[in-house]
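A.B. asks: Sharing a structure below in structure tokens format, with a few things to ask.
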Amino acid sequence: MDQLARRLGVRDAVVIGLGSMLGAGVFVVFAPAAAAAGGVGLLAALALAGFVAFCNATSSARLAARYPESGGTYVYGRERLGPFAGFLAGWGFVVGKTASCAAMALTIGAYLWPGQARLVAVAAVVAVTAVNLRGVAKTATATRVLVVVVLAILAVVAVVGATDFSVGRLADTDGAGRGVLTAAGLLFFAFAGYARVATLGEEVRDPERTIPRAVPLALGIVLAIYLVLAVIALGVLGPDRLAGSAAPLADVVSAAGLPGLAWVVRAGAAVAVTGVLLSLLAGVGRTTLAMARRRDLPGALDAVHPVHRVPHRAELAVAAVVIVVVLLGDVRDAIGFSSVTVLVYYAITNAAALTLGREPARKLPVQALAALGLVGCLLLAVNLPLSSVLAGFGVLAVGATGYALRRRS
């Protein structure tokens, strides 16, 4: 009775991966990424972020197939690198993704009711947590509906934007070196949801087959969508206007001569980010469960609901912390902080994958991809805004210190 139910197939896992990713990059980070890297630099940063995410996805899929249980890299780090590496990964994931959940909730509030953004954000967290507590099958169903709505909205933006597209607006070549790396680190925030599938390792059917197929498939679909929309946004708004936009895709529609559709895009943004929040909260709850099982977090969180088969105490605890951050925090700071800690999390993923050795049966050079992913994660992490780097590594250091003191006692 202490195990989660295996209910998800490849399609469900891909949908949850799409729900975790779609929305964050399109509605939140394109503008600050354009400010950091310029026009062509933004596209280069997006490609770089996508490549690092692909390396991480390959490593995550290999490890998840070997260790099909909840917890993701928290489990992989413990098994392959030792308890401290596992703890650091789990701590980074829980802290970083909690900040990410707060950023998503605040984004929902900003789009739906700017004057009462925090109130709306709190309501969104409560509503999404209620859905997750009903069970992972219902989470997958709700996420599937959200993904369909989001894809429809993004298709409208792409089609309308194409009517006012100008190649000349893509000509800006500003943004090189650190600017591109900073933008790639911010854009990585938009891809990180692919490993949400790996955190469901204990809830998918035939995980050795399902996870390696679902992770790269979800990532590839999202990367293609992001590239199309990035080109459209730059071709309609240009890099300067995009960098200063609070709602880039709504501005694309307005600039194309259809301002009446802006409210549709705003509603679509709220739906998209709700889908991200739905999957993020569930993923953080399951990593919290895995850490509580090994007493790296309070043992009271180690509980699975007898009816709905979900880690209800862990999810309620995470939701409570997210609400506190929503009431006190800021969207852009939360994104930068989350990116630092999550990139460290995936660096540990790649380090763990390197210990698996070569796999001749695979067509991809998986060891080389793991090495590139490890270097890429660390490079992007240290090139994020200085305040985010200091805050992120500071919190990781606090967690490591607490771990060392607890082990000594």
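By convention in this document, the chains of the structure tokens carry letters A, B, ... by their order, each chain's residues are numbered from 1, and ligands are numbered from 1 in the order they are shown.
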Fewer than 2 positions away in the same chain doesn't count, so skip those; otherwise give me all residues within 8 Å of region 231-245 of chain A, counting only C-alpha atoms, as a PyMOL selection string.
C.D. replies: chain A and resi 30-35+38-39+43+158+161-162+164-170+172+227-229+247-249+251-252+255-256
A.B. asks: Create the file for the chosen residues now, containing C-alpha atoms and written as a short mmCIF file (atom, residue, chain, number, x, y, z; two decimals), in the first residue's frame.
C.D. replies:
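The file below, selection.cif, is the result:
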data_model
loop_
_atom_site.label_atom_id
_atom_site.label_comp_id
_atom_site.auth_asym_id
_atom_site.auth_seq_id
_atom_site.Cartn_x
_atom_site.Cartn_y
_atom_site.Cartn_z
CA PHE A 30 11.34 35.19 -24.35
CA ALA A 31 11.45 38.88 -23.38
CA PRO A 32 14.31 38.76 -20.83
CA ALA A 33 16.19 36.35 -23.09
CA ALA A 34 15.89 38.81 -25.98
CA ALA A 35 17.10 41.60 -23.69
CA GLY A 38 19.42 40.37 -29.02
CA GLY A 39 17.76 38.97 -32.14
CA LEU A 43 17.74 32.06 -31.65
CA ALA A 158 1.82 31.85 -35.41
CA GLY A 161 2.02 36.79 -36.85
CA ALA A 162 3.04 35.34 -40.19
CA ASP A 164 3.15 40.76 -40.61
CA PHE A 165 6.46 38.87 -40.63
CA SER A 166 9.59 40.66 -41.88
CA VAL A 167 12.95 38.98 -42.34
CA GLY A 168 14.60 42.37 -41.89
CA ARG A 169 13.60 42.44 -38.24
CA LEU A 170 15.70 39.32 -37.67
CA ASP A 172 19.96 42.30 -35.45
CA LEU A 227 11.71 27.85 -32.53
CA VAL A 228 8.73 28.69 -34.73
CA LEU A 229 7.28 31.13 -32.20
CA ALA A 247 3.19 39.96 -23.00
CA PRO A 248 5.12 39.16 -26.21
CA LEU A 249 2.59 36.92 -27.94
CA ASP A 251 1.84 42.07 -28.70
CA VAL A 252 2.53 39.94 -31.80
CA ALA A 255 1.18 44.38 -34.08
CA ALA A 256 -0.24 42.22 -36.86
#
A.B. asks: Work out how far CA of Ala292 (chain A) is from CA of Arg62 (chain A), in Å to one decimal.
C.D. replies: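 Going from CA of Arg62 (chain A) over to CA of Ala292 (chain A) covers 24.3 Å.
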A.B. asks: Report as JSON, numbers by chain all protein, DNA and RNA residues lying within 8 Å of region 397-401 of chain A, evaluated on only C-alpha atoms, omitting residues in the same chain fewer than 4 positions from it.
C.D. replies: {"A": [88, 91, 393, 405]}
A.B. asks: Quick one: write out the picked residues with C-alpha atoms as a tab-separated table (two decimals), in the first residue's frame?
C.D. replies:
chain	number	residue	atom	x	y	z
A	88	LEU	CA	22.05	17.88	-3.30
A	91	TRP	CA	17.36	19.70	-2.49
A	393	PHE	CA	24.42	28.54	-4.92
A	405	LEU	CA	25.50	18.66	10.36
A.B. asks: Nearest to Ala368 (chain A) among A:Val325, A:Cys55, A:Leu280, A:Met21, with distances taken over only C-alpha atoms: which residue is it?
C.D. replies: A:Cys55
A.B. asks: Given the choices A:Ile108, A:Val52, A:Ala282, A:Ala250, which gets closest to Ala371 (chain A) if the distance is worked out from only C-alpha atoms?
C.D. replies: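 Of the candidates, the smallest distance to Ala371 (chain A) is held by A:Val52.
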A.B. asks: Would you work out the distance separating CA of Ala89 (chain A) from CA of Ala290 (chain A), expressed in Å to one decimal?
C.D. replies: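 Calculated distance between CA of Ala89 (chain A) and CA of Ala290 (chain A) is 11.9 Å.
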A.B. asks: For each of A:Val284, A:Met291, A:Leu112, A:Leu154, take the minimum atom-to-atom distance to Thr129 (chain A), counting only C-alpha atoms, then give the residue where this is smallest.
C.D. replies: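 Of A:Val284, A:Met291, A:Leu112, A:Leu154, the one nearest Thr129 (chain A), counting only C-alpha atoms, is A:Val284.
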A.B. asks: What lies within 12 Å of Leu297 (chain A) using only C-alpha atoms, ignoring chain neighbours under 2 positions off, as number ranges by chain?
C.D. replies: A: 87, 90-91, 94, 285, 287-295, 299-302, 314, 317, 399, 402-403, 406
A.B. asks: Nearest residue to Phe54 (chain A) out of A:Leu258, A:Leu219, A:Leu281, A:Leu396, using only C-alpha atoms?
C.D. replies: A:Leu219
A.B. asks: Go through A:Ala183, A:Leu328, A:Ala269, A:Leu356 one by one, measure the shortest atom-to-atom distance of each to Gly23 (chain A) using only C-alpha atoms, and give the residue with the smallest value.
C.D. replies: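 The closest residue to Gly23 (chain A) is A:Ala269.
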A.B. asks: If you measure from CA of Ser387 (chain A) to CA of Pro83 (chain A), what distance in Å do you get, rounded to one decimal?
C.D. replies: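 Straight-line distance from CA of Ser387 (chain A) to CA of Pro83 (chain A) works out to 29.0 Å.
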A.B. asks: From the DSSP assignment of the backbone, select every residue of region 44-239 of chain A that is alpha helix (DSSP H), and format the answer as number ranges by chain.
C.D. replies: A: 44-66, 73-81, 83-112, 117-133, 136-162, 178-191, 207-239
A.B. asks: Restrict the selected residues to C-alpha atoms and save them as a compact mmCIF listing (two decimals), in the first residue's frame.
C.D. replies:
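As a result, selection_15.txt now contains:
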# COMPACT_ATOMS: atom_id res chain seq x y z
CA ALA A 44 21.28 30.86 -30.93
CA ALA A 45 20.48 30.77 -27.20
CA LEU A 46 17.29 28.81 -27.84
CA ALA A 47 19.19 26.24 -29.89
CA LEU A 48 21.86 25.98 -27.18
CA ALA A 49 19.27 25.56 -24.41
CA GLY A 50 17.50 22.93 -26.49
CA PHE A 51 20.73 21.01 -27.07
CA VAL A 52 21.64 21.01 -23.37
CA ALA A 53 18.10 19.88 -22.60
CA PHE A 54 18.44 17.07 -25.15
CA CYS A 55 21.66 15.89 -23.51
CA ASN A 56 19.94 15.97 -20.14
CA ALA A 57 16.88 14.20 -21.54
CA THR A 58 19.05 11.36 -22.87
CA SER A 59 20.75 10.95 -19.50
CA SER A 60 17.43 11.20 -17.64
CA ALA A 61 15.83 8.57 -19.85
CA ARG A 62 18.71 6.12 -19.37
CA LEU A 63 18.68 6.53 -15.62
CA ALA A 64 14.89 6.45 -15.32
CA ALA A 65 14.77 3.17 -17.22
CA ARG A 66 17.36 1.74 -14.79
CA THR A 73 17.92 12.53 -10.01
CA TYR A 74 17.54 12.41 -6.25
CA VAL A 75 17.38 8.63 -6.67
CA TYR A 76 19.94 8.44 -9.50
CA GLY A 77 22.48 10.53 -7.59
CA ARG A 78 22.17 8.36 -4.48
CA GLU A 79 22.48 5.13 -6.43
CA ARG A 80 25.32 6.16 -8.77
CA LEU A 81 27.28 8.89 -6.94
CA PRO A 83 23.98 9.87 -0.70
CA PHE A 84 25.32 13.44 -0.71
CA ALA A 85 25.00 13.83 -4.48
CA GLY A 86 21.47 12.49 -4.28
CA PHE A 87 20.59 14.86 -1.48
CA LEU A 88 22.05 17.88 -3.30
CA ALA A 89 20.07 16.99 -6.43
CA GLY A 90 16.86 16.52 -4.50
CA TRP A 91 17.36 19.70 -2.49
CA GLY A 92 18.11 21.70 -5.64
CA PHE A 93 15.08 20.28 -7.41
CA VAL A 94 12.62 20.85 -4.58
CA VAL A 95 13.86 24.39 -3.83
CA GLY A 96 14.26 25.42 -7.46
CA LYS A 97 10.98 23.97 -8.64
CA THR A 98 9.14 25.47 -5.70
CA ALA A 99 10.40 28.88 -6.87
CA SER A 100 9.36 27.92 -10.40
CA CYS A 101 5.85 27.05 -9.20
CA ALA A 102 5.62 30.47 -7.57
CA ALA A 103 6.77 32.14 -10.80
CA MET A 104 4.12 30.29 -12.80
CA ALA A 105 1.38 31.15 -10.31
CA LEU A 106 2.36 34.84 -10.35
CA THR A 107 2.33 34.77 -14.16
CA ILE A 108 -1.24 33.47 -14.12
CA GLY A 109 -2.21 36.35 -11.84
CA ALA A 110 -0.42 38.93 -13.99
CA TYR A 111 -2.25 37.79 -17.12
CA LEU A 112 -5.71 37.36 -15.64
CA ALA A 117 -1.95 39.11 -9.23
CA ARG A 118 -0.98 37.59 -5.88
CA LEU A 119 -4.56 36.80 -4.92
CA VAL A 120 -5.18 35.07 -8.24
CA ALA A 121 -1.85 33.23 -7.89
CA VAL A 122 -2.81 31.83 -4.50
CA ALA A 123 -6.19 30.71 -5.87
CA ALA A 124 -4.43 28.99 -8.77
CA VAL A 125 -2.11 27.06 -6.42
CA VAL A 126 -5.08 25.91 -4.32
CA ALA A 127 -7.07 24.80 -7.38
CA VAL A 128 -4.18 22.95 -9.03
CA THR A 129 -3.27 21.18 -5.79
CA ALA A 130 -6.87 20.02 -5.45
CA VAL A 131 -6.67 18.45 -8.94
CA ASN A 132 -3.36 16.73 -8.17
CA LEU A 133 -4.70 15.29 -4.94
CA VAL A 136 -2.24 11.11 -11.33
CA ALA A 137 -4.71 9.74 -13.88
CA LYS A 138 -6.89 12.82 -13.39
CA THR A 139 -3.77 15.00 -13.59
CA ALA A 140 -2.95 13.46 -16.98
CA THR A 141 -6.51 14.02 -18.21
CA ALA A 142 -6.56 17.65 -17.10
CA THR A 143 -3.13 18.25 -18.62
CA ARG A 144 -4.25 16.75 -21.95
CA VAL A 145 -7.11 19.25 -22.16
CA LEU A 146 -4.80 22.14 -21.30
CA VAL A 147 -2.24 21.09 -23.93
CA VAL A 148 -4.89 21.03 -26.67
CA VAL A 149 -6.08 24.53 -25.73
CA VAL A 150 -2.53 25.89 -25.61
CA LEU A 151 -1.59 24.41 -28.98
CA ALA A 152 -4.66 26.04 -30.50
CA ILE A 153 -3.72 29.45 -29.05
CA LEU A 154 -0.11 29.18 -30.20
CA ALA A 155 -1.27 28.20 -33.69
CA VAL A 156 -3.41 31.34 -33.84
CA VAL A 157 -0.43 33.48 -32.81
CA ALA A 158 1.82 31.85 -35.41
CA VAL A 159 -0.69 32.22 -38.25
CA VAL A 160 -1.61 35.82 -37.40
CA GLY A 161 2.02 36.79 -36.85
CA ALA A 162 3.04 35.34 -40.19
CA ARG A 178 27.91 35.98 -22.02
CA GLY A 179 24.69 37.47 -23.42
CA VAL A 180 23.86 34.33 -25.37
CA LEU A 181 24.85 32.11 -22.45
CA THR A 182 22.69 34.16 -20.06
CA ALA A 183 19.74 33.94 -22.44
CA ALA A 184 20.27 30.18 -22.86
CA GLY A 185 20.25 29.75 -19.09
CA LEU A 186 16.97 31.66 -18.84
CA LEU A 187 15.44 29.76 -21.76
CA PHE A 188 16.43 26.46 -20.14
CA PHE A 189 13.72 27.28 -17.62
CA ALA A 190 11.27 26.60 -20.46
CA PHE A 191 12.60 23.12 -21.20
CA PRO A 207 8.97 2.20 -17.58
CA GLU A 208 11.99 0.67 -19.37
CA ARG A 209 10.17 1.21 -22.67
CA THR A 210 7.86 4.14 -21.89
CA ILE A 211 10.29 6.67 -20.37
CA PRO A 212 13.06 6.53 -23.04
CA ARG A 213 10.41 7.08 -25.72
CA ALA A 214 8.36 9.76 -23.99
CA VAL A 215 11.14 12.10 -22.81
CA PRO A 216 12.86 12.90 -26.16
CA LEU A 217 9.52 12.92 -27.99
CA ALA A 218 8.04 15.56 -25.69
CA LEU A 219 11.25 17.61 -25.82
CA GLY A 220 11.44 17.51 -29.63
CA ILE A 221 7.86 18.69 -30.06
CA VAL A 222 8.35 21.60 -27.66
CA LEU A 223 11.67 22.68 -29.21
CA ALA A 224 10.08 22.84 -32.66
CA ILE A 225 7.18 24.94 -31.31
CA TYR A 226 9.53 27.31 -29.46
CA LEU A 227 11.71 27.85 -32.53
CA VAL A 228 8.73 28.69 -34.73
CA LEU A 229 7.28 31.13 -32.20
CA ALA A 230 10.65 32.75 -31.47
CA VAL A 231 11.17 33.44 -35.16
CA ILE A 232 7.61 34.79 -35.50
CA ALA A 233 7.97 37.05 -32.45
CA LEU A 234 11.27 38.47 -33.67
CA GLY A 235 10.00 38.85 -37.22
CA VAL A 236 6.95 40.83 -36.07
CA LEU A 237 8.24 42.81 -33.08
CA GLY A 238 11.99 42.95 -33.64
CA PRO A 239 14.48 42.29 -30.82
